[in-house]
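Have a look at the structure below, then the notes.
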Amino acid sequence: MAKAPDPASAAKLSTGQISAALGRARRRGIEAKAAKIQAVLRGEYLGQPVVVTAAYAASVRALIAILVTLNEQIKILQGQVEAYFGKHPDAEILLSQPGLGPVLGARVLAEFGDDHDRYTSAKARKNYAGTSPITRASGKKKVVAARFVHNDRLIDALMAQAFSSLQASPGARAYYNRQRARGAEYNAALRQLANRLVGILHGCLKTGTPYDEATAWPYHAEPLAA
């Protein structure tokens, strides 16, 4: 968009220029995508008057300038988060958890808080996180549903951790696969994994012990190895 903020300049882009942009964005199948993009940019379309096109191009340039500055500031803020989070007494335990890095770990810590006595049990922490389900029973009818009232920032971070843990932890992957085998949909299985990881984190924080794969998944890592 920076190279071609208006249709006329976009139509003049070569496949080499498009390929270079795709390469910087770490895309795959660059050659085929570059040819396809060029064909679209040079295709027929309904246009706007020159003055309107120029106005839209100016808006695009302004938005790109904002995005560039925003990305620069995000990198600076990320550096500050990593530097200060590393000094926290619980940083080592949080960073030992599968799927948690400095930024995501700092976010989880900030949303949970660092008072070890705040949550009386793993269940209490899970309920606050919004990862544990709600069970409603009436007579012979029993309904299990996800919690819709929760801390959005916390649940987003925990779901991101659960997704990342699928590659970082054999036990987490085995647990997730087990939920899917039972018929759970993708989001439901990932939420159950996030719920389990919250319980593991609670135990580690309570005992002051870093994460250990064998201790965390004594019954779930073996099927995957087999």
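Residues are referred to by chain and number: the chain letter is A, B, ... according to the order shown in the structure tokens, the number counts from 1 in that chain, and ligands are numbered separately from 1 in the order shown.
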Would you mind listing what lies within 12 Å of Ala32 (chain A) as JSON, numbers by chain, with only C-alpha atoms counted and same-chain residues fewer than 5 positions away left out? {"A": [15, 16, 18, 19, 22, 27, 37, 38, 39]}
Please produce a file of the residues just selected, as a short mmCIF file (atom, residue, chain, number, x, y, z; two decimals), in the first residue's frame, where the atoms kept are N, CA and C atoms.
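Wrote it out as selection30.cif, contents follow:
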data_model
loop_
_atom_site.label_atom_id
_atom_site.label_comp_id
_atom_site.auth_asym_id
_atom_site.auth_seq_id
_atom_site.Cartn_x
_atom_site.Cartn_y
_atom_site.Cartn_z
N THR A 15 6.05 -7.77 -10.95
CA THR A 15 6.01 -8.96 -10.10
C THR A 15 7.20 -8.97 -9.14
N GLY A 16 8.32 -8.37 -9.56
CA GLY A 16 9.49 -8.29 -8.69
C GLY A 16 9.21 -7.44 -7.46
N ILE A 18 6.23 -6.76 -6.19
CA ILE A 18 5.22 -7.45 -5.37
C ILE A 18 5.86 -8.60 -4.61
N SER A 19 6.75 -9.34 -5.28
CA SER A 19 7.44 -10.46 -4.63
C SER A 19 8.30 -9.98 -3.47
N LEU A 22 6.03 -9.29 -0.55
CA LEU A 22 5.57 -10.54 0.05
C LEU A 22 6.69 -11.22 0.83
N ARG A 27 5.69 -14.31 3.47
CA ARG A 27 4.63 -15.12 2.88
C ARG A 27 5.21 -16.33 2.19
N ILE A 37 -1.68 -11.45 -7.74
CA ILE A 37 -1.93 -10.08 -7.27
C ILE A 37 -1.77 -9.09 -8.41
N GLN A 38 -0.74 -9.28 -9.22
CA GLN A 38 -0.53 -8.38 -10.34
C GLN A 38 -1.69 -8.43 -11.32
N ALA A 39 -2.21 -9.62 -11.58
CA ALA A 39 -3.34 -9.77 -12.50
C ALA A 39 -4.57 -9.03 -11.97
#
Residues within 7 Å of Leu190 (chain A), only C-alpha atoms, excluding chain neighbours under 6 positions, as a PDB file with N, CA and C atoms, in the first residue's frame:
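This is the output file part.pdb:
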ATOM      1  N   MET A 159      -6.133 -18.418  26.174  1.00  0.00           N
ATOM      2  CA  MET A 159      -6.414 -19.192  24.956  1.00  0.00           C
ATOM      3  C   MET A 159      -5.205 -19.161  24.024  1.00  0.00           C
ATOM      4  N   ALA A 162      -2.797 -21.631  25.437  1.00  0.00           N
ATOM      5  CA  ALA A 162      -3.218 -23.002  25.147  1.00  0.00           C
ATOM      6  C   ALA A 162      -2.858 -23.391  23.723  1.00  0.00           C
ATOM      7  N   PHE A 163      -3.082 -22.474  22.789  1.00  0.00           N
ATOM      8  CA  PHE A 163      -2.752 -22.753  21.393  1.00  0.00           C
ATOM      9  C   PHE A 163      -1.256 -22.976  21.216  1.00  0.00           C
ATOM     10  N   TYR A 176      -5.321 -32.225  24.600  1.00  0.00           N
ATOM     11  CA  TYR A 176      -6.165 -31.599  23.575  1.00  0.00           C
ATOM     12  C   TYR A 176      -6.721 -32.652  22.614  1.00  0.00           C
TER      13      TYR A 176
END
From the DSSP assignment of the backbone, select every residue of region 51-161 of chain A that is alpha helix (DSSP H), and format the answer as an MDAnalysis selection string. chainID A and resid 51:85 91:96 102:112 122:129 152:161
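Excluding region 58-74 of chain A itself and same-chain residues fewer than 5 positions from it, the residues having an atom within 12 Å of it are Met1, Ala2, Lys3, Ala4, Pro5, Asp6, Pro7, Val51, Val52, Thr53, Gly79, Gln80, Val81 and Val103 of chain A, counting only C-alpha atoms.
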Could the residues in this selection be written to a file with C-alpha atoms, as a CSV table (one decimal), in the first residue's frame?
chain,number,residue,atom,x,y,z
A,1,MET,CA,0.0,0.0,0.0
A,2,ALA,CA,2.9,2.3,0.6
A,3,LYS,CA,4.3,1.7,-2.8
A,4,ALA,CA,1.0,2.0,-4.5
A,5,PRO,CA,-1.7,3.9,-2.6
A,6,ASP,CA,-3.9,4.4,-5.6
A,7,PRO,CA,-5.1,2.1,-8.5
A,51,VAL,CA,-9.7,14.2,-7.2
A,52,VAL,CA,-11.5,11.5,-5.2
A,53,THR,CA,-8.8,8.9,-5.9
A,79,GLY,CA,11.1,-4.2,25.5
A,80,GLN,CA,10.0,-2.4,28.6
A,81,VAL,CA,7.5,-5.2,29.5
A,103,VAL,CA,4.8,-10.6,26.9
For CA of Phe85 (chain A) and CA of Pro102 (chain A), determine how far apart the two atoms are, in Å to one decimal place. 6.9 Å
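Closest approach to Ala194 (chain A) among A:Ala216, A:Ala160, A:Ala181, A:Leu95: A:Ala160, based on only C-alpha atoms.
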For His202 (chain A), find every residue with an atom within 12 Å (counting only C-alpha atoms), except residues of its own chain fewer than 3 positions away, and show them as a ChimeraX atom specification. /A:90,93-94,97,108-109,112-126,129,195-199,205-211,216
Could you name the residues that touch Lys36 (chain A) at 12 Å or less, counting only C-alpha atoms, but leaving out those on the same chain fewer than 5 positions away, as an mmCIF file with all heavy atoms, in the first residue's frame?
data_model
loop_
_atom_site.group_PDB
_atom_site.id
_atom_site.type_symbol
_atom_site.label_atom_id
_atom_site.label_comp_id
_atom_site.auth_asym_id
_atom_site.auth_seq_id
_atom_site.Cartn_x
_atom_site.Cartn_y
_atom_site.Cartn_z
ATOM 1 N N SER A 14 5.534 -4.186 -10.693
ATOM 2 C CA SER A 14 6.053 -5.389 -11.351
ATOM 3 C C SER A 14 5.942 -6.574 -10.406
ATOM 4 O O SER A 14 5.774 -6.408 -9.196
ATOM 5 C CB SER A 14 7.508 -5.181 -11.764
ATOM 6 O OG SER A 14 8.328 -5.047 -10.615
ATOM 7 N N THR A 15 6.054 -7.771 -10.949
ATOM 8 C CA THR A 15 6.012 -8.960 -10.096
ATOM 9 C C THR A 15 7.196 -8.972 -9.139
ATOM 10 O O THR A 15 7.101 -9.497 -8.028
ATOM 11 C CB THR A 15 6.021 -10.246 -10.948
ATOM 12 O OG1 THR A 15 7.151 -10.221 -11.833
ATOM 13 C CG2 THR A 15 4.743 -10.377 -11.745
ATOM 14 N N ILE A 18 6.227 -6.763 -6.189
ATOM 15 C CA ILE A 18 5.222 -7.452 -5.371
ATOM 16 C C ILE A 18 5.865 -8.604 -4.611
ATOM 17 O O ILE A 18 5.591 -8.812 -3.433
ATOM 18 C CB ILE A 18 4.067 -7.968 -6.258
ATOM 19 C CG1 ILE A 18 3.360 -6.785 -6.940
ATOM 20 C CG2 ILE A 18 3.079 -8.778 -5.434
ATOM 21 C CD1 ILE A 18 2.320 -7.191 -7.959
ATOM 22 N N SER A 19 6.748 -9.343 -5.276
ATOM 23 C CA SER A 19 7.435 -10.464 -4.632
ATOM 24 C C SER A 19 8.297 -9.983 -3.470
ATOM 25 O O SER A 19 8.371 -10.631 -2.418
ATOM 26 C CB SER A 19 8.304 -11.212 -5.645
ATOM 27 O OG SER A 19 7.514 -11.806 -6.654
ATOM 28 N N GLY A 29 4.781 -19.313 -1.060
ATOM 29 C CA GLY A 29 4.294 -19.378 -2.436
ATOM 30 C C GLY A 29 4.317 -18.019 -3.109
ATOM 31 O O GLY A 29 3.352 -17.618 -3.762
ATOM 32 N N ILE A 30 5.420 -17.313 -2.940
ATOM 33 C CA ILE A 30 5.512 -15.921 -3.381
ATOM 34 C C ILE A 30 5.305 -15.768 -4.881
ATOM 35 O O ILE A 30 4.583 -14.872 -5.338
ATOM 36 C CB ILE A 30 6.873 -15.324 -2.958
ATOM 37 C CG1 ILE A 30 6.921 -15.187 -1.433
ATOM 38 C CG2 ILE A 30 7.120 -13.977 -3.633
ATOM 39 C CD1 ILE A 30 8.228 -14.665 -0.895
ATOM 40 N N GLU A 31 5.936 -16.615 -5.664
ATOM 41 C CA GLU A 31 5.875 -16.464 -7.123
ATOM 42 C C GLU A 31 4.445 -16.531 -7.634
ATOM 43 O O GLU A 31 4.010 -15.675 -8.424
ATOM 44 C CB GLU A 31 6.718 -17.557 -7.790
ATOM 45 C CG GLU A 31 6.829 -17.399 -9.304
ATOM 46 C CD GLU A 31 7.757 -18.429 -9.934
ATOM 47 O OE1 GLU A 31 8.500 -19.091 -9.179
ATOM 48 O OE2 GLU A 31 7.728 -18.571 -11.169
ATOM 49 N N LEU A 41 -4.560 -6.436 -9.853
ATOM 50 C CA LEU A 41 -4.296 -4.999 -9.862
ATOM 51 C C LEU A 41 -4.406 -4.402 -11.257
ATOM 52 O O LEU A 41 -4.724 -3.212 -11.418
ATOM 53 C CB LEU A 41 -2.902 -4.715 -9.288
ATOM 54 C CG LEU A 41 -2.705 -5.042 -7.804
ATOM 55 C CD1 LEU A 41 -1.271 -4.767 -7.387
ATOM 56 C CD2 LEU A 41 -3.670 -4.239 -6.927
ATOM 57 N N ARG A 42 -4.138 -5.214 -12.276
ATOM 58 C CA ARG A 42 -4.196 -4.722 -13.651
ATOM 59 C C ARG A 42 -5.519 -5.056 -14.340
ATOM 60 O O ARG A 42 -5.687 -4.799 -15.536
ATOM 61 C CB ARG A 42 -3.031 -5.311 -14.453
ATOM 62 C CG ARG A 42 -1.681 -4.817 -13.953
ATOM 63 C CD ARG A 42 -0.532 -5.325 -14.799
ATOM 64 N NE ARG A 42 0.743 -4.781 -14.343
ATOM 65 C CZ ARG A 42 1.926 -5.010 -14.919
ATOM 66 N NH1 ARG A 42 1.983 -5.810 -15.981
ATOM 67 N NH2 ARG A 42 3.026 -4.461 -14.439
ATOM 68 N N GLY A 43 -6.445 -5.623 -13.607
ATOM 69 C CA GLY A 43 -7.742 -5.964 -14.178
ATOM 70 C C GLY A 43 -8.643 -4.749 -14.316
ATOM 71 O O GLY A 43 -8.323 -3.641 -13.865
#
Test item: residues at most 9 Å from Ser164 (chain A), only C-alpha atoms, excluding those fewer than 4 positions along its chain, as a ChimeraX atom specification: /A:98-100,159-160,168-169
Could you dump the residues just selected with N, CA, C and O atoms as a short mmCIF file (atom, residue, chain, number, x, y, z; two decimals), in the first residue's frame?
data_model
loop_
_atom_site.label_atom_id
_atom_site.label_comp_id
_atom_site.auth_asym_id
_atom_site.auth_seq_id
_atom_site.Cartn_x
_atom_site.Cartn_y
_atom_site.Cartn_z
N PRO A 98 4.26 -23.91 29.62
CA PRO A 98 4.26 -24.06 28.16
C PRO A 98 3.35 -23.03 27.51
O PRO A 98 2.23 -22.80 27.95
N GLY A 99 3.86 -22.40 26.47
CA GLY A 99 3.06 -21.42 25.73
C GLY A 99 3.14 -20.01 26.25
O GLY A 99 2.54 -19.10 25.67
N LEU A 100 3.86 -19.77 27.34
CA LEU A 100 3.98 -18.42 27.89
C LEU A 100 5.38 -17.87 27.67
O LEU A 100 6.37 -18.50 28.04
N MET A 159 -6.13 -18.42 26.17
CA MET A 159 -6.41 -19.19 24.96
C MET A 159 -5.20 -19.16 24.02
O MET A 159 -4.89 -20.15 23.36
N ALA A 160 -4.51 -18.02 23.99
CA ALA A 160 -3.29 -17.93 23.18
C ALA A 160 -2.22 -18.85 23.75
O ALA A 160 -1.48 -19.51 23.00
N ALA A 168 4.52 -26.81 22.28
CA ALA A 168 5.57 -26.77 23.30
C ALA A 168 5.49 -27.92 24.30
O ALA A 168 6.50 -28.25 24.93
N SER A 169 4.32 -28.53 24.44
CA SER A 169 4.14 -29.55 25.47
C SER A 169 3.47 -30.80 24.91
O SER A 169 2.32 -30.74 24.47
#
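In this comparison, which uses only C-alpha atoms, the residue of A:Leu13, A:Ala184, A:Leu104, A:Cys204 approaching Val40 (chain A) most closely is A:Leu13.
Note that CA of Gln192 (chain A) and CA of Leu154 (chain A) are 15.0 Å apart.
Closest to Ala91 (chain A) among A:Gly47, A:Pro218, A:Pro133, A:Gly105 is A:Gly105, based on only C-alpha atoms.
Nearest residue to Ala106 (chain A), choosing from A:Ile76, A:Ala157, A:Leu201, A:Ala57 and counting only C-alpha atoms: A:Ala157.
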Considering only C-alpha atoms, return as a ChimeraX atom specification whatever protein or nucleic-acid residues lie within 9 Å of Ala189 (chain A), sequence-local ones (same chain, fewer than 2 positions apart) excluded. /A:175-180,183-187,191-194
